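Enquirer: What follows is a structure written as structure tokens; I'll ask about it next.
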Amino acid sequence: MKLRSLSFALLATFVAAPAFAADKATALAEPQVRELLTKQGYTRIDDLEFEDGMWETDATSADGNRVDVRVDPASGKIFAEDVVATFSEEDIKAKITAAGYSKVHDVDYDDGVWKADAEREDGKNVEVRVDAKDGRILAVEND
């Protein structure tokens, strides 16, 4: 009976492993981010680094302007500093609160992404990043 239980445990591990690998594989790596930005017309992609749950860089846009750019590693969505927000600061506070966070403060719009400090249900302070176009939470990092 122990052998059968061990066999099922090993089988479950190997069946679950590809699912974990698939989730990890969906996150964009640096070369993929560079390729994505290049395909969207960005050149001179400098200082590309993963920070606060997103890829960040300085780049030259297709119209020749230097811009700060962020890339969502899960979706590949590009956020440039010249993006106009469709939500107000109050809208963002409401969206973050509706997602289960409290004490939302220091809401700031930067480089096409809303950022705010908040508190999780367990009392830990976090920084939340929100999509300026659709109000979706992009990343949550411990503060």
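Chain lettering (A, B, ...) mirrors the order of the structure tokens, residue numbering begins at 1 for each chain separately, and ligand numbering begins at 1 in order of display.
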Would you kindly return, as an NGL selection string, each protein, DNA or RNA residue with an atom no farther than 12 Å from any atom of stretch 115-119 of chain A, considering only C-alpha atoms and excluding same-chain residues fewer than 3 positions away?

Expert: :A and (52-53 or 89-97 or 99-112 or 122-132 or 135-143)

Enquirer: Find the residues around stretch 56-66 of chain A up to 8 Å (only C-alpha atoms counted), leave out those fewer than 2 positions away in its own chain, and share them as a PyMOL selection string.

Expert: chain A and resi 40-51+54+68-71

Enquirer: Could you pull out all residues of stretch 26-115 of chain A with a DSSP call of helix (DSSP H, G or I) and give them as a compact mmCIF listing (two decimals) with all heavy atoms, in the first residue's frame?

Expert:
```txt
# COMPACT_ATOMS: atom_id res chain seq x y z
N GLU A 30 13.95 38.88 -20.59
CA GLU A 30 14.54 40.10 -21.16
C GLU A 30 14.64 40.06 -22.68
O GLU A 30 14.24 41.04 -23.34
CB GLU A 30 15.91 40.37 -20.54
CG GLU A 30 16.53 41.65 -21.06
CD GLU A 30 17.86 41.98 -20.42
OE1 GLU A 30 18.19 41.41 -19.36
OE2 GLU A 30 18.57 42.83 -20.98
N PRO A 31 15.14 38.99 -23.30
CA PRO A 31 15.22 39.00 -24.77
C PRO A 31 13.86 39.15 -25.45
O PRO A 31 13.72 39.82 -26.46
CB PRO A 31 15.85 37.65 -25.11
CG PRO A 31 16.53 37.20 -23.87
CD PRO A 31 15.75 37.78 -22.73
N GLN A 32 12.84 38.54 -24.86
CA GLN A 32 11.49 38.65 -25.41
C GLN A 32 10.95 40.07 -25.29
O GLN A 32 10.27 40.56 -26.19
CB GLN A 32 10.55 37.67 -24.71
CG GLN A 32 10.90 36.22 -24.96
CD GLN A 32 10.17 35.30 -24.00
OE1 GLN A 32 10.16 35.52 -22.79
NE2 GLN A 32 9.56 34.27 -24.55
N VAL A 33 11.25 40.72 -24.18
CA VAL A 33 10.81 42.10 -23.97
C VAL A 33 11.49 43.02 -24.99
O VAL A 33 10.83 43.86 -25.61
CB VAL A 33 11.09 42.57 -22.53
CG1 VAL A 33 10.79 44.06 -22.37
CG2 VAL A 33 10.28 41.75 -21.54
N ARG A 34 12.79 42.83 -25.20
CA ARG A 34 13.50 43.64 -26.20
C ARG A 34 12.89 43.44 -27.59
O ARG A 34 12.68 44.40 -28.33
CB ARG A 34 14.99 43.28 -26.22
CG ARG A 34 15.76 43.83 -25.06
CD ARG A 34 17.26 43.57 -25.20
NE ARG A 34 17.95 44.08 -24.05
CZ ARG A 34 18.26 45.36 -23.86
NH1 ARG A 34 17.95 46.25 -24.76
NH2 ARG A 34 18.89 45.74 -22.76
N GLU A 35 12.60 42.19 -27.94
CA GLU A 35 12.02 41.90 -29.24
C GLU A 35 10.63 42.54 -29.37
O GLU A 35 10.30 43.13 -30.40
CB GLU A 35 11.91 40.38 -29.43
CG GLU A 35 11.32 39.98 -30.77
CD GLU A 35 11.23 38.48 -30.94
OE1 GLU A 35 11.81 37.73 -30.13
OE2 GLU A 35 10.56 38.06 -31.90
N LEU A 36 9.83 42.45 -28.33
CA LEU A 36 8.49 43.04 -28.33
C LEU A 36 8.56 44.55 -28.53
O LEU A 36 7.83 45.12 -29.36
CB LEU A 36 7.79 42.71 -27.01
CG LEU A 36 6.41 43.31 -26.78
CD1 LEU A 36 5.41 42.70 -27.74
CD2 LEU A 36 5.98 43.07 -25.35
N LEU A 37 9.45 45.20 -27.79
CA LEU A 37 9.60 46.65 -27.92
C LEU A 37 10.08 47.04 -29.31
O LEU A 37 9.58 48.00 -29.91
CB LEU A 37 10.54 47.19 -26.84
CG LEU A 37 10.00 47.15 -25.42
CD1 LEU A 37 11.11 47.43 -24.41
CD2 LEU A 37 8.85 48.13 -25.24
N THR A 38 11.02 46.29 -29.84
CA THR A 38 11.55 46.56 -31.17
C THR A 38 10.45 46.43 -32.22
O THR A 38 10.32 47.28 -33.11
CB THR A 38 12.72 45.61 -31.50
OG1 THR A 38 13.75 45.81 -30.52
CG2 THR A 38 13.28 45.88 -32.89
N LYS A 39 9.62 45.40 -32.11
CA LYS A 39 8.52 45.21 -33.05
C LYS A 39 7.49 46.34 -32.98
O LYS A 39 6.80 46.61 -33.94
CB LYS A 39 7.83 43.87 -32.80
CG LYS A 39 8.62 42.69 -33.30
CD LYS A 39 7.88 41.39 -33.06
CE LYS A 39 8.69 40.22 -33.59
NZ LYS A 39 8.00 38.94 -33.34
N GLU A 89 -7.67 59.51 -9.89
CA GLU A 89 -7.06 59.03 -8.66
C GLU A 89 -8.11 58.36 -7.77
O GLU A 89 -7.86 57.30 -7.19
CB GLU A 89 -6.40 60.19 -7.92
CG GLU A 89 -5.73 59.81 -6.63
CD GLU A 89 -5.03 60.97 -5.95
OE1 GLU A 89 -4.57 61.89 -6.65
OE2 GLU A 89 -4.97 60.95 -4.71
N GLU A 90 -9.30 58.95 -7.69
CA GLU A 90 -10.37 58.37 -6.88
C GLU A 90 -10.83 57.03 -7.44
O GLU A 90 -11.14 56.10 -6.69
CB GLU A 90 -11.55 59.35 -6.76
CG GLU A 90 -11.21 60.58 -5.92
CD GLU A 90 -10.69 60.24 -4.53
OE1 GLU A 90 -11.29 59.37 -3.84
OE2 GLU A 90 -9.67 60.81 -4.12
N ASP A 91 -10.89 56.92 -8.78
CA ASP A 91 -11.25 55.64 -9.41
C ASP A 91 -10.25 54.55 -9.02
O ASP A 91 -10.63 53.42 -8.73
CB ASP A 91 -11.27 55.76 -10.93
CG ASP A 91 -12.37 56.67 -11.46
OD1 ASP A 91 -13.41 56.82 -10.78
OD2 ASP A 91 -12.17 57.24 -12.55
N ILE A 92 -8.98 54.90 -9.05
CA ILE A 92 -7.92 53.94 -8.73
C ILE A 92 -8.02 53.50 -7.27
O ILE A 92 -7.92 52.31 -6.96
CB ILE A 92 -6.53 54.51 -9.07
CG1 ILE A 92 -6.42 54.76 -10.57
CG2 ILE A 92 -5.42 53.61 -8.57
CD1 ILE A 92 -6.66 53.54 -11.44
N LYS A 93 -8.25 54.46 -6.37
CA LYS A 93 -8.42 54.11 -4.96
C LYS A 93 -9.58 53.13 -4.79
O LYS A 93 -9.48 52.15 -4.06
CB LYS A 93 -8.69 55.37 -4.13
CG LYS A 93 -7.48 56.22 -3.87
CD LYS A 93 -7.85 57.42 -3.02
CE LYS A 93 -6.66 58.29 -2.73
NZ LYS A 93 -7.03 59.47 -1.91
N ALA A 94 -10.68 53.38 -5.50
CA ALA A 94 -11.85 52.51 -5.40
C ALA A 94 -11.55 51.12 -5.94
O ALA A 94 -11.97 50.11 -5.36
CB ALA A 94 -13.03 53.14 -6.16
N LYS A 95 -10.81 51.03 -7.05
CA LYS A 95 -10.48 49.72 -7.64
C LYS A 95 -9.57 48.92 -6.70
O LYS A 95 -9.75 47.72 -6.54
CB LYS A 95 -9.84 49.90 -9.00
CG LYS A 95 -10.85 50.33 -10.05
CD LYS A 95 -10.29 50.22 -11.42
CE LYS A 95 -11.36 50.50 -12.45
NZ LYS A 95 -12.39 49.46 -12.51
N ILE A 96 -8.59 49.58 -6.11
CA ILE A 96 -7.67 48.89 -5.19
C ILE A 96 -8.42 48.44 -3.94
O ILE A 96 -8.23 47.32 -3.46
CB ILE A 96 -6.47 49.80 -4.85
CG1 ILE A 96 -5.62 50.03 -6.12
CG2 ILE A 96 -5.63 49.20 -3.74
CD1 ILE A 96 -4.54 51.07 -5.96
N THR A 97 -9.30 49.28 -3.44
CA THR A 97 -10.10 48.92 -2.27
C THR A 97 -11.02 47.74 -2.59
O THR A 97 -11.14 46.80 -1.80
CB THR A 97 -10.92 50.13 -1.78
OG1 THR A 97 -10.02 51.19 -1.45
CG2 THR A 97 -11.76 49.78 -0.56
N ALA A 98 -11.64 47.76 -3.77
CA ALA A 98 -12.52 46.67 -4.19
C ALA A 98 -11.76 45.36 -4.33
O ALA A 98 -12.35 44.28 -4.20
CB ALA A 98 -13.20 47.03 -5.51
```

Enquirer: To one decimal place in Å, what is the distance between atom CA of A:Pro73 and atom CA of A:Ala85?

Expert: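 Interatomic distance, atom CA of A:Pro73 to atom CA of A:Ala85: 20.3 Å.
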